[in-house]
Structure formats: structure tokens, C-alpha cells
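data.cif follows (mmCIF, C-alpha atoms):
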data_upload
#
loop_
_atom_site.label_atom_id
_atom_site.label_comp_id
_atom_site.auth_asym_id
_atom_site.auth_seq_id
_atom_site.Cartn_x
_atom_site.Cartn_y
_atom_site.Cartn_z
CA MET A 1 0.00 0.00 0.00
CA PRO A 2 1.28 3.50 -0.75
CA SER A 3 2.07 5.53 2.34
CA ARG A 4 -0.16 8.46 3.21
CA PRO A 5 1.33 11.90 2.56
CA PRO A 6 2.33 13.89 5.66
CA PHE A 7 -0.37 15.96 7.31
CA SER A 8 0.45 19.59 6.54
CA VAL A 9 0.17 22.05 9.43
CA LEU A 10 0.64 25.79 9.74
CA ALA A 11 2.11 26.85 13.09
CA ALA A 12 0.83 30.42 13.38
CA GLY A 13 2.70 31.32 16.52
CA ASP A 14 3.46 34.70 17.99
CA ARG A 15 6.27 36.19 20.07
CA PHE A 16 5.17 34.34 23.20
CA ILE A 17 4.26 30.90 21.88
CA GLN A 18 6.74 30.97 19.04
CA PRO A 19 6.13 28.99 15.85
CA GLY A 20 9.21 26.89 16.58
CA VAL A 21 7.77 25.81 19.93
CA PHE A 22 4.69 24.44 18.15
CA ARG A 23 6.92 22.83 15.51
CA ASP A 24 9.12 21.05 18.04
CA GLU A 25 6.18 19.63 20.00
CA ILE A 26 4.51 18.37 16.83
CA ALA A 27 7.77 16.78 15.66
CA ASP A 28 8.17 15.02 19.01
CA ARG A 29 4.76 13.37 18.71
CA LEU A 30 4.28 12.89 14.99
CA GLY A 31 7.73 12.84 13.41
CA PRO A 32 7.48 12.48 9.62
CA ARG A 33 3.70 12.05 9.79
CA ALA A 34 3.35 15.85 9.78
CA THR A 35 5.06 18.74 8.06
CA VAL A 36 5.02 22.17 9.67
CA ALA A 37 5.12 25.59 8.04
CA GLU A 38 5.60 28.64 10.23
CA LEU A 39 4.03 32.08 10.52
CA GLU A 40 4.96 34.54 13.28
CA LEU A 41 2.25 36.94 14.42
CA ARG A 42 3.30 40.16 16.09
CA TRP A 43 1.62 39.92 19.50
CA PRO A 44 2.59 41.01 22.18
CA ASP A 45 4.72 43.67 20.50
CA GLU A 46 1.49 44.75 18.81
CA PRO A 47 -1.73 44.47 20.84
CA PHE A 48 -4.35 41.91 19.93
CA GLY A 49 -7.91 42.99 19.16
CA ALA A 50 -11.00 42.30 17.10
CA VAL A 51 -10.50 40.95 13.59
CA GLY A 52 -13.66 40.45 11.58
CA GLU A 53 -16.17 38.83 13.91
CA VAL A 54 -13.63 37.34 16.36
CA ASP A 55 -11.82 38.92 19.28
CA GLU A 56 -8.36 38.89 20.93
CA ALA A 57 -6.68 38.07 17.63
CA SER A 58 -3.31 38.95 16.13
CA GLY A 59 -2.58 39.42 12.46
CA SER A 60 -4.96 39.90 9.56
CA GLU A 61 -7.31 37.62 7.67
CA ASP A 62 -5.36 38.18 4.44
CA GLU A 63 -2.06 37.28 6.11
CA LEU A 64 -3.50 34.10 7.58
CA ILE A 65 -5.27 33.03 4.39
CA ALA A 66 -2.09 33.41 2.35
CA ALA A 67 -0.08 31.32 4.81
CA LEU A 68 -2.79 28.73 5.50
CA ARG A 69 -3.76 27.73 1.95
CA GLY A 70 -2.90 24.11 1.26
CA HIS A 71 -2.69 23.13 4.93
CA ARG A 72 -5.08 20.74 6.63
CA GLY A 73 -4.19 21.82 10.16
CA LEU A 74 -3.59 25.04 12.07
CA VAL A 75 -2.03 25.39 15.51
CA THR A 76 -2.06 28.84 17.03
CA GLN A 77 -2.83 30.98 20.04
CA LEU A 78 -4.18 34.15 18.45
CA ALA A 79 -4.62 33.77 14.67
CA PRO A 80 -8.01 35.16 13.50
CA VAL A 81 -9.97 32.13 12.30
CA THR A 82 -12.97 33.97 10.91
CA GLU A 83 -15.71 32.76 8.57
CA ARG A 84 -13.84 34.41 5.71
CA VAL A 85 -10.66 32.50 6.54
CA LEU A 86 -12.52 29.20 6.83
CA GLU A 87 -14.27 29.82 3.51
CA ALA A 88 -10.97 30.60 1.79
CA VAL A 89 -9.26 27.42 3.06
CA PRO A 90 -11.80 24.59 2.59
CA GLU A 91 -9.09 21.95 3.07
CA LEU A 92 -8.69 22.93 6.73
CA GLU A 93 -9.94 20.20 9.08
CA PHE A 94 -8.14 20.80 12.39
CA VAL A 95 -7.56 23.93 14.51
CA GLY A 96 -5.60 23.60 17.76
CA VAL A 97 -5.80 26.71 19.95
CA GLY A 98 -3.13 26.96 22.64
CA ARG A 99 -5.28 28.87 25.12
CA GLY A 100 -8.27 28.32 27.37
CA GLY A 101 -10.73 30.75 25.77
CA PRO A 102 -10.65 30.44 21.94
CA VAL A 103 -12.44 33.73 21.28
CA ASN A 104 -10.31 34.22 18.17
CA ILE A 105 -12.12 31.33 16.46
CA ASN A 106 -15.54 31.53 14.82
CA LEU A 107 -16.74 28.28 16.39
CA ASP A 108 -20.10 28.26 14.61
CA ALA A 109 -18.47 28.62 11.20
CA ALA A 110 -15.88 25.95 12.04
CA ALA A 111 -18.56 23.51 13.20
CA ALA A 112 -20.62 24.16 10.06
CA ARG A 113 -17.63 23.11 7.95
CA GLY A 114 -16.74 20.08 10.06
CA VAL A 115 -13.49 21.60 11.33
CA ARG A 116 -12.31 20.08 14.58
CA VAL A 117 -11.41 22.79 17.12
CA VAL A 118 -9.60 22.01 20.36
CA ASN A 119 -8.05 24.11 23.10
CA VAL A 120 -5.73 23.77 26.10
CA PRO A 121 -7.55 24.72 29.31
CA GLY A 122 -5.35 25.20 32.35
CA ARG A 123 -2.16 25.75 30.35
CA ASN A 124 -1.15 28.70 32.53
CA SER A 125 -2.60 27.66 35.89
CA ILE A 126 0.76 26.86 37.49
CA ALA A 127 2.35 30.09 36.26
CA THR A 128 -0.63 32.13 37.47
CA ALA A 129 -0.63 30.44 40.87
CA GLU A 130 3.10 31.00 41.30
CA MET A 131 2.79 34.66 40.30
CA THR A 132 -0.12 35.07 42.70
CA LEU A 133 2.08 33.67 45.45
CA ALA A 134 4.82 36.14 44.49
CA LEU A 135 2.36 39.05 44.59
CA LEU A 136 1.02 37.83 47.93
CA LEU A 137 4.48 37.54 49.46
CA GLY A 138 5.50 40.93 48.10
CA ALA A 139 2.55 42.60 49.79
CA LEU A 140 2.84 40.61 53.02
CA ARG A 141 6.49 41.53 53.45
CA ARG A 142 5.94 45.11 52.19
CA LEU A 143 8.50 44.74 49.43
CA PRO A 144 7.37 47.81 47.43
CA ILE A 145 8.08 50.05 50.43
CA LEU A 146 11.45 48.44 51.13
CA HIS A 147 12.45 48.48 47.49
CA GLY A 148 11.40 52.11 47.07
CA SER A 149 13.45 53.25 50.05
CA LEU A 150 16.64 51.81 48.60
CA LEU A 151 15.91 53.32 45.20
CA ARG A 152 15.80 56.65 47.01
CA ARG A 153 19.21 55.77 48.52
CA GLU A 154 17.76 55.48 52.03
CA TRP A 155 18.77 52.93 54.65
CA ARG A 156 15.96 52.97 57.18
CA GLY A 157 16.53 51.24 60.48
CA ASP A 158 12.94 51.99 61.47
CA PHE A 159 11.80 49.21 59.15
CA TYR A 160 12.60 46.89 62.07
CA ARG A 161 9.96 48.60 64.21
CA HIS A 162 7.02 46.40 65.17
CA ASP A 163 4.55 48.56 63.28
CA GLU A 164 6.70 48.61 60.13
CA VAL A 165 7.61 44.95 59.68
CA GLY A 166 5.64 42.62 57.45
CA ARG A 167 3.83 39.40 58.21
CA GLU A 168 4.36 35.71 57.48
CA ILE A 169 2.16 33.36 55.53
CA ALA A 170 2.62 30.77 58.27
CA GLY A 171 -0.21 31.26 60.73
CA SER A 172 -2.13 33.64 58.46
CA THR A 173 -5.59 32.91 57.13
CA VAL A 174 -5.51 32.96 53.34
CA GLY A 175 -8.97 33.22 51.81
CA LEU A 176 -9.56 32.07 48.25
CA LEU A 177 -12.47 33.55 46.35
CA GLY A 178 -12.83 30.72 43.84
CA ALA A 179 -10.77 27.56 43.67
CA GLY A 180 -10.33 26.34 40.14
CA ALA A 181 -6.99 25.06 38.87
CA VAL A 182 -5.14 28.24 39.93
CA GLY A 183 -6.78 28.51 43.32
CA GLN A 184 -6.20 24.86 44.12
CA HIS A 185 -2.52 25.07 43.23
CA LEU A 186 -2.17 28.17 45.40
CA ALA A 187 -4.02 26.42 48.24
CA ARG A 188 -1.50 23.58 48.21
CA SER A 189 1.41 26.02 48.19
CA VAL A 190 0.31 28.28 51.04
CA ALA A 191 -0.95 25.36 53.11
CA ALA A 192 2.51 23.79 52.81
CA MET A 193 3.91 27.08 54.13
CA GLY A 194 1.70 26.91 57.22
CA ALA A 195 -1.32 29.03 56.25
CA ASP A 196 -4.86 28.30 57.30
CA VAL A 197 -6.66 28.19 53.94
CA VAL A 198 -10.35 29.10 53.61
CA VAL A 199 -12.24 28.89 50.33
CA TYR A 200 -15.54 30.13 49.02
CA ASP A 201 -16.55 28.42 45.79
CA PRO A 202 -20.09 27.07 45.38
CA TYR A 203 -18.99 25.12 42.29
CA LEU A 204 -16.05 23.33 43.90
CA PRO A 205 -16.50 19.55 43.57
CA ASP A 206 -16.46 17.35 46.65
CA GLY A 207 -12.93 16.28 47.50
CA ALA A 208 -11.27 19.19 45.67
CA ALA A 209 -8.91 21.51 47.58
CA PRO A 210 -8.63 19.22 50.63
CA GLU A 211 -6.13 21.66 52.19
CA ALA A 212 -8.83 24.30 52.50
CA ARG A 213 -11.67 24.78 54.92
CA ARG A 214 -14.84 25.64 53.04
CA CYS A 215 -17.21 28.41 53.97
CA THR A 216 -20.66 28.83 52.47
CA ASP A 217 -21.03 32.52 53.23
CA LEU A 218 -19.12 35.09 51.19
CA ASP A 219 -19.09 37.64 54.00
CA GLU A 220 -17.47 35.05 56.26
CA LEU A 221 -14.62 34.68 53.77
CA PHE A 222 -13.91 38.40 53.86
CA SER A 223 -14.21 38.78 57.62
CA THR A 224 -11.87 35.88 58.44
CA SER A 225 -9.11 36.40 55.83
CA ASP A 226 -5.77 38.07 56.54
CA VAL A 227 -5.10 37.72 52.81
CA LEU A 228 -7.86 37.51 50.21
CA SER A 229 -6.83 36.10 46.84
CA VAL A 230 -9.30 36.37 43.98
CA HIS A 231 -9.71 33.42 41.60
CA ALA A 232 -13.34 33.54 40.47
CA ARG A 233 -14.57 33.66 36.89
CA LEU A 234 -15.88 37.01 35.73
CA THR A 235 -19.63 36.76 35.17
CA PRO A 236 -22.49 39.25 35.66
CA GLU A 237 -22.94 37.74 39.13
CA THR A 238 -19.28 38.13 40.13
CA GLU A 239 -18.61 41.59 38.67
CA GLN A 240 -17.09 43.73 41.46
CA VAL A 241 -17.72 40.95 43.97
CA VAL A 242 -14.85 42.57 45.90
CA ASN A 243 -16.53 45.87 46.73
CA ALA A 244 -16.49 48.54 49.43
CA LYS A 245 -19.04 46.75 51.61
CA ARG A 246 -17.08 43.51 51.67
CA ILE A 247 -13.67 45.16 51.98
CA ALA A 248 -15.01 46.90 55.10
CA LEU A 249 -15.62 43.45 56.62
CA MET A 250 -11.92 42.57 56.37
CA ARG A 251 -9.55 42.72 59.31
CA PRO A 252 -7.48 45.90 59.67
CA GLY A 253 -4.22 45.45 57.80
CA ALA A 254 -5.57 42.70 55.53
CA ILE A 255 -4.26 42.28 51.99
CA VAL A 256 -6.14 41.83 48.71
CA VAL A 257 -4.52 40.02 45.76
CA ASN A 258 -6.04 39.82 42.28
CA ALA A 259 -4.44 37.99 39.37
CA ALA A 260 -7.74 36.79 37.90
CA ARG A 261 -9.80 39.50 36.16
CA GLY A 262 -9.94 43.22 36.81
CA GLY A 263 -13.73 43.31 36.66
CA LEU A 264 -14.00 41.20 39.81
CA VAL A 265 -12.77 44.07 42.00
CA ASP A 266 -13.93 47.63 42.63
CA TYR A 267 -10.53 49.31 42.29
CA ALA A 268 -11.78 52.65 43.58
CA ALA A 269 -12.94 50.96 46.79
CA LEU A 270 -9.62 49.15 46.99
CA ALA A 271 -7.72 52.45 46.75
CA ASP A 272 -9.99 54.10 49.31
CA ALA A 273 -9.45 51.31 51.84
CA LEU A 274 -5.69 51.36 51.30
CA ALA A 275 -5.44 55.14 51.59
CA ALA A 276 -7.52 55.07 54.77
CA GLY A 277 -5.20 52.49 56.32
CA HIS A 278 -7.84 49.79 56.55
CA LEU A 279 -6.05 47.57 54.07
CA GLY A 280 -2.39 46.82 54.69
CA GLY A 281 -1.54 46.14 51.07
CA VAL A 282 -2.81 45.49 47.57
CA ALA A 283 -1.23 43.29 44.90
CA VAL A 284 -2.73 43.08 41.41
CA ASP A 285 -1.80 41.81 37.97
CA VAL A 286 -5.09 42.69 36.23
CA PHE A 287 -7.02 45.93 35.81
CA PRO A 288 -10.53 47.17 34.99
CA THR A 289 -9.35 48.30 31.56
CA GLU A 290 -6.24 47.10 29.74
CA PRO A 291 -3.91 48.65 28.82
CA VAL A 292 -4.36 50.22 32.22
CA ASP A 293 -5.73 53.74 32.64
CA MET A 294 -2.61 55.48 33.90
CA SER A 295 -4.74 57.79 36.05
CA LEU A 296 -5.84 54.81 38.15
CA ARG A 297 -5.59 55.84 41.79
CA LEU A 298 -3.70 52.72 42.81
CA LEU A 299 -0.80 53.87 40.64
CA ASP A 300 -0.79 57.23 42.37
CA LEU A 301 -0.78 55.54 45.78
CA ALA A 302 2.14 53.35 44.66
CA ASP A 303 4.02 56.48 43.55
CA ARG A 304 3.49 57.94 47.01
CA GLY A 305 4.98 54.91 48.74
CA ALA A 306 1.92 52.80 49.56
CA ASN A 307 2.25 49.03 49.87
CA VAL A 308 1.10 48.27 46.32
CA VAL A 309 2.52 45.50 44.12
CA LEU A 310 1.66 45.89 40.43
CA ALA A 311 2.24 43.79 37.32
CA PRO A 312 0.90 44.28 33.75
CA HIS A 313 -1.25 41.13 33.35
CA VAL A 314 1.63 38.69 32.97
CA ALA A 315 0.80 36.19 35.73
CA GLY A 316 0.12 33.38 33.26
CA ALA A 317 3.16 34.09 31.11
CA SER A 318 6.05 31.70 31.57
CA ARG A 319 8.19 29.69 29.19
CA GLU A 320 6.62 26.57 30.64
CA THR A 321 3.16 27.93 29.82
CA ALA A 322 4.16 28.39 26.20
CA ARG A 323 5.60 24.87 26.03
CA ARG A 324 2.55 23.39 27.78
CA ALA A 325 0.20 25.09 25.32
CA ALA A 326 2.14 23.81 22.32
CA ALA A 327 2.34 20.32 23.79
CA GLY A 328 -1.40 20.31 24.37
CA VAL A 329 -2.32 21.13 20.78
CA ALA A 330 0.34 18.73 19.45
CA GLU A 331 -1.21 15.90 21.46
CA GLU A 332 -4.65 16.84 20.16
CA LEU A 333 -3.28 16.78 16.61
CA ARG A 334 -1.87 13.29 17.19
CA ARG A 335 -5.27 12.15 18.43
CA HIS A 336 -6.91 13.65 15.36
CA LEU A 337 -4.59 11.78 13.02
CA ASP A 338 -5.13 8.57 14.97
CA ALA A 339 -8.93 8.99 14.85
CA GLN A 340 -9.16 9.30 18.64
CA PRO A 341 -11.63 11.55 20.50
CA ALA A 342 -10.37 15.02 21.35
CA LEU A 343 -9.41 15.65 24.95
CA HIS A 344 -10.71 19.22 24.90
CA PRO A 345 -13.12 19.83 22.01
CA VAL A 346 -14.71 23.27 21.78
CA GLY A 347 -17.56 24.64 19.78
CA PRO A 348 -21.20 23.83 19.18
CA LYS A 349 -20.36 20.13 18.80
CA ALA A 350 -18.14 19.91 21.90
CA GLY A 351 -18.79 16.63 23.70
CA ALA A 352 -20.99 15.28 20.88
#
Whole structure given in C-alpha cells:
Amino acid sequence: MPSRPPFSVLAAGDRFIQPGVFRDEIADRLGPRATVAELELRWPDEPFGAVGEVDEASGSEDELIAALRGHRGLVTQLAPVTERVLEAVPELEFVGVGRGGPVNINLDAAAARGVRVVNVPGRNSIATAEMTLALLLGALRRLPILHGSLLRREWRGDFYRHDEVGREIAGSTVGLLGAGAVGQHLARSVAAMGADVVVYDPYLPDGAAPEARRCTDLDELFSTSDVLSVHARLTPETEQVVNAKRIALMRPGAIVVNAARGGLVDYAALADALAAGHLGGVAVDVFPTEPVDMSLRLLDLADRGANVVLAPHVAGASRETARRAAAGVAEELRRHLDAQPALHPVGPKAGA
């Protein structure tokens, strides 16, 4: 019998998940069974945005169509797979998206054409949990204040005063608002460091997050937490779930950490509580609007020496995240070629 020709794939990477990372993972699993062409999109050096009817995409439809013609598979993080693209490349049968939310794919149009779409949920959960821990530690130990003093060429012995020193995780109550993959990884980490972990998550399955004590009342979570770390999904019900009323329930000197979504937190209330001395610190990686509004009061408070740790929405970005995403879509491609069910199908036919 004649051998089947290699399955032709376009690796439309970007400057985070580089095309070569996709290529290497596909080669490891499929060897000569697949050939890989490469296209580099310009994110994050150029911001992503809406392209056609899809969102959070990088590159143009024309650029993708030109590179994709003749290929049966596409692996990407941000390429704009619109109805126009799908119509222009009828040979396409597989799209592997190296992210959790494939909003850059027109799933209805893909399903209508029988294109298999898969994603990689949880690819950045470890990186996000580790960054959350770093933010938490930075605020607990008041690193912005210490760092700022040295940048001003000051050596302040008063930082050893009882009212100036930071706190330890060990013995602290760390409250988790939501406990998906990120929250559960953080729970294991801080519990191993000696924290008492409390979680509020009405959707948490039985047996999950065994390190944490569960509470069924959201106000209880706020009132008992020395550190509150936000890990909920952003929905109409959870928008600004961290608000002035609930922040007021927190213990004096408590810390709020958010590396989930900016819309979960009322940032004006956060700044008010910090400026008033009710909160002892704030650490955030996400903002209400991104790129951040540079007039945001938290930035002004940080400039004036408040205990504020800030990062520009990079908690999930690590080299391991990029490799994990590429490995996930490469494994899905192998399953596609071997006529096996997808591990993570997405779209109108997901789970069918």
C-alpha cells in the first residue's frame, strides 16, 4: 500500500508561543507524519484585538489566508480564524488553539464546515498560581516600600519597628475567592507554608482543595481572611464581587490580591481602603481596563509609597506555559490523526 502523505500544518505562533515551539512539539509526537510551516504573528509587541467577527486576535485575515492555503491543520494561540478565513481554506480540518478561551475562532463557522477545534484549558494555571504567590508575598512583606526606600538611597533602620515589619504566611488565614486550577494550586502552596486556607466556591467539587476549609457565606470569607486572593470567573454575578461593603468586613491590615480578572474588583474601593489604612496592602496583575488607565488611583498611591505590588497582566506568562500550550495542541493533533476523541473539544459540537 502506498504511504499516506504527511499531514500539513501551519504553526501560526506569535512572540510568546513561538512557531518553533509548536513545531518542536509536533515533531516530538508525529515525526514524519506531519510537516510544519511557520508564521509569526506580532503579539505582544502589537496588541491583539478584534479581527472580523472574532476577538483577541493577532494578524490579519489576508495574512492568515495566504499562509494557510494548502494546509489541513492550524495550531495557534491568536490567529483570527474567521468565517472568511474558513471559507478561503476549505481543506482545513483541524484547529488547535493553545489557550483556554478560543475567542479568536468563529466556532459556529468551524462547526458548520466540520473543522475540529480544540483548546488547552489550564495551560497557565501553574504560572498564574506561582505569580499570585509572588504578589502575595510581596505585599505581606511590604516589598514595594522596602524596594522604594533603597531606590531613594535610604537605609531605614525603622523598618525593624514592630509597626513597620511585614507578616508571614505561616499562621495567616488565606482566603480564596474561587478555587479552580489556579486557586487549588495556590491552596497547596500556602498550606505547605503553614497558612490556614479558607475557600468560598459554590462550584467546587467534593474532595477538591482538601487543604482548604470551606465556607458557604461570602461575608465570612472576607471577615476571616488576613489575605484575600481572587480566583473567580468574571460573570455578571461576580462583577465587582470585591466591593467597598465587603472590603469593610476585612480585618485591619488585611491584603487583597487579584491575578484573575480586573472586573472582579472595585478598584476605587480598593484604593480608598488602602489610603484610609484599613487595608495593609494590595497586589494586582489585572485591571478594569487594559492597557491600564494610567490615572488609576492605585498607581498614584504606589508612587506615594503605599504598599502596592503591580504587574501588567503577565501572571500566566512563563516559558513553561508556552511549552505546555504547544504540547497540548500537538497531542490533540496526534489524536486527530489517529482517529481518537479530542481531549478538549470546543464549539457547538463539543462533547458530541
Residues near segment 169-183 of chain A, anyone? I mean within 8 Å using only C-alpha atoms, not counting same-chain ones fewer than 2 positions away, as an MDAnalysis selection string. chainID A and resid 122 125:126 128:129 137 140 167 185:187 190 193:201 204 209 221:222 224:233
Report as an MDAnalysis selection string the residues that result from applying the PyMOL selection byres ((chain A and resi 147) around 12) to the structure here. chainID A and resid 138:139 141:146 148:156 159 302 305:309
Give me, as JSON, numbers by chain, all polymer residues having an atom no more than 12 Å from His336 of chain A, counting all atoms listed in the file and skipping those fewer than 3 positions away in the same chain. {"A": [7, 30, 34, 72, 73, 93, 94, 95, 96, 115, 116, 117, 118, 329, 330, 331, 332, 333, 339, 340, 341, 342, 343, 344, 345]}
Picked residues, the PyMOL selection byres ((chain A and resi 45-48) around 8), expected as JSON, numbers by chain: {"A": [15, 42, 43, 44, 49, 50, 56, 57, 58, 78]}
Determine, counting only C-alpha atoms, which protein, DNA and RNA residues have an atom within 10 Å of an atom of Gly52 of chain A; residues of the same chain fewer than 5 positions away are not included. Present the result as a list in words. Ala57, Ser60, Glu61, Pro80, Val81, Thr82, Glu83, Arg84, Val85, Asn104 and Asn106 of chain A
Written file, previous selection with C-alpha atoms, as a short mmCIF file (atom, residue, chain, number, x, y, z; two decimals), keeping the file's coordinate frame:
data_model
loop_
_atom_site.label_atom_id
_atom_site.label_comp_id
_atom_site.auth_asym_id
_atom_site.auth_seq_id
_atom_site.Cartn_x
_atom_site.Cartn_y
_atom_site.Cartn_z
CA ALA A 57 -6.68 38.07 17.63
CA SER A 60 -4.96 39.90 9.56
CA GLU A 61 -7.31 37.62 7.67
CA PRO A 80 -8.01 35.16 13.50
CA VAL A 81 -9.97 32.13 12.30
CA THR A 82 -12.97 33.97 10.91
CA GLU A 83 -15.71 32.76 8.57
CA ARG A 84 -13.84 34.41 5.71
CA VAL A 85 -10.66 32.50 6.54
CA ASN A 104 -10.31 34.22 18.17
CA ASN A 106 -15.54 31.53 14.82
#
All residues 10 Å or closer to Asp272 of chain A, all atoms listed in the file, same chain fewer than 3 positions away omitted, as a ChimeraX atom specification: /A:244,267-269,275-279,297-298,301
Those selected residues, please, written with C-alpha atoms and delivered as an mmCIF file, keeping the file's coordinate frame.
data_model
loop_
_atom_site.group_PDB
_atom_site.id
_atom_site.type_symbol
_atom_site.label_atom_id
_atom_site.label_comp_id
_atom_site.auth_asym_id
_atom_site.auth_seq_id
_atom_site.Cartn_x
_atom_site.Cartn_y
_atom_site.Cartn_z
ATOM 1 C CA ALA A 244 -16.490 48.540 49.430
ATOM 2 C CA TYR A 267 -10.530 49.310 42.290
ATOM 3 C CA ALA A 268 -11.780 52.650 43.580
ATOM 4 C CA ALA A 269 -12.940 50.960 46.790
ATOM 5 C CA ALA A 275 -5.440 55.140 51.590
ATOM 6 C CA ALA A 276 -7.520 55.070 54.770
ATOM 7 C CA GLY A 277 -5.200 52.490 56.320
ATOM 8 C CA HIS A 278 -7.840 49.790 56.550
ATOM 9 C CA LEU A 279 -6.050 47.570 54.070
ATOM 10 C CA ARG A 297 -5.590 55.840 41.790
ATOM 11 C CA LEU A 298 -3.700 52.720 42.810
ATOM 12 C CA LEU A 301 -0.780 55.540 45.780
#
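From atom CA of Asn119 of chain A back to atom CA of Arg324 of chain A, the distance works out to 11.6 Å.
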Using all atoms of segment 189-204 of chain A listed in the file and a margin of 8 Å per side, can you give the axis-aligned box centre and edge lengths in Å to one decimal, as lines of an AutoDock Vina configuration file?
center_x = -8.1
center_y = 26.7
center_z = 49.8
size_x = 40.0
size_y = 22.8
size_z = 31.0
With all atoms listed in the file as the atoms that count, which of A:Arg213, A:Arg23, A:Arg334, A:Arg323 lies nearest to Leu39 of chain A?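 Smallest distance to Leu39 of chain A is found for A:Arg23.
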For this file, the PyMOL selection byres ((chain A and resi 250) around 6) selects which residues, as a list in words? Phe222, Ser223, Ile247, Ala248, Leu249 and Arg251 of chain A
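From atom CA of Gly13 of chain A back to atom CA of Leu64 of chain A, the distance works out to 11.2 Å.
The residue that comes closest to Val314 of chain A, out of A:Glu290, A:Glu220, A:Asp285, A:Glu168 and on the basis of all atoms listed in the file, is A:Asp285.
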Complete the atoms of segment 129-144 of chain A to N, CA, C and O atoms and put them out as a compact mmCIF listing (two decimals), keeping the file's coordinate frame.
# COMPACT_ATOMS: atom_id res chain seq x y z
N ALA A 129 -0.67 30.69 39.43
CA ALA A 129 -0.63 30.44 40.87
C ALA A 129 0.69 30.88 41.47
O ALA A 129 0.73 31.48 42.56
N GLU A 130 1.79 30.60 40.79
CA GLU A 130 3.10 31.00 41.30
C GLU A 130 3.24 32.53 41.34
O GLU A 130 3.79 33.09 42.30
N MET A 131 2.73 33.20 40.30
CA MET A 131 2.79 34.66 40.30
C MET A 131 1.90 35.24 41.39
O MET A 131 2.27 36.23 42.05
N THR A 132 0.75 34.62 41.62
CA THR A 132 -0.12 35.07 42.70
C THR A 132 0.59 34.95 44.04
O THR A 132 0.51 35.84 44.89
N LEU A 133 1.30 33.85 44.22
CA LEU A 133 2.08 33.67 45.45
C LEU A 133 3.15 34.75 45.58
O LEU A 133 3.38 35.30 46.67
N ALA A 134 3.80 35.08 44.46
CA ALA A 134 4.82 36.14 44.49
C ALA A 134 4.19 37.49 44.85
O ALA A 134 4.74 38.25 45.67
N LEU A 135 3.06 37.81 44.27
CA LEU A 135 2.36 39.05 44.59
C LEU A 135 1.97 39.07 46.07
O LEU A 135 2.15 40.09 46.76
N LEU A 136 1.45 37.95 46.54
CA LEU A 136 1.02 37.83 47.93
C LEU A 136 2.19 38.05 48.89
O LEU A 136 2.10 38.83 49.84
N LEU A 137 3.30 37.39 48.61
CA LEU A 137 4.48 37.54 49.46
C LEU A 137 5.02 38.97 49.41
O LEU A 137 5.45 39.52 50.44
N GLY A 138 5.01 39.56 48.22
CA GLY A 138 5.50 40.93 48.10
C GLY A 138 4.72 41.89 48.95
O GLY A 138 5.28 42.78 49.60
N ALA A 139 3.38 41.72 48.98
CA ALA A 139 2.55 42.60 49.79
C ALA A 139 2.67 42.28 51.28
O ALA A 139 2.74 43.19 52.11
N LEU A 140 2.72 40.99 51.61
CA LEU A 140 2.84 40.61 53.02
C LEU A 140 4.12 41.16 53.64
O LEU A 140 4.12 41.64 54.78
N ARG A 141 5.21 41.08 52.92
CA ARG A 141 6.49 41.53 53.45
C ARG A 141 6.82 42.97 53.06
O ARG A 141 7.93 43.43 53.26
N ARG A 142 5.84 43.67 52.48
CA ARG A 142 5.94 45.11 52.19
C ARG A 142 7.12 45.44 51.28
O ARG A 142 7.81 46.46 51.43
N LEU A 143 7.34 44.57 50.31
CA LEU A 143 8.50 44.74 49.43
C LEU A 143 8.48 46.06 48.64
O LEU A 143 9.55 46.65 48.43
N PRO A 144 7.32 46.53 48.16
CA PRO A 144 7.37 47.81 47.43
C PRO A 144 7.94 48.95 48.27
O PRO A 144 8.69 49.79 47.76
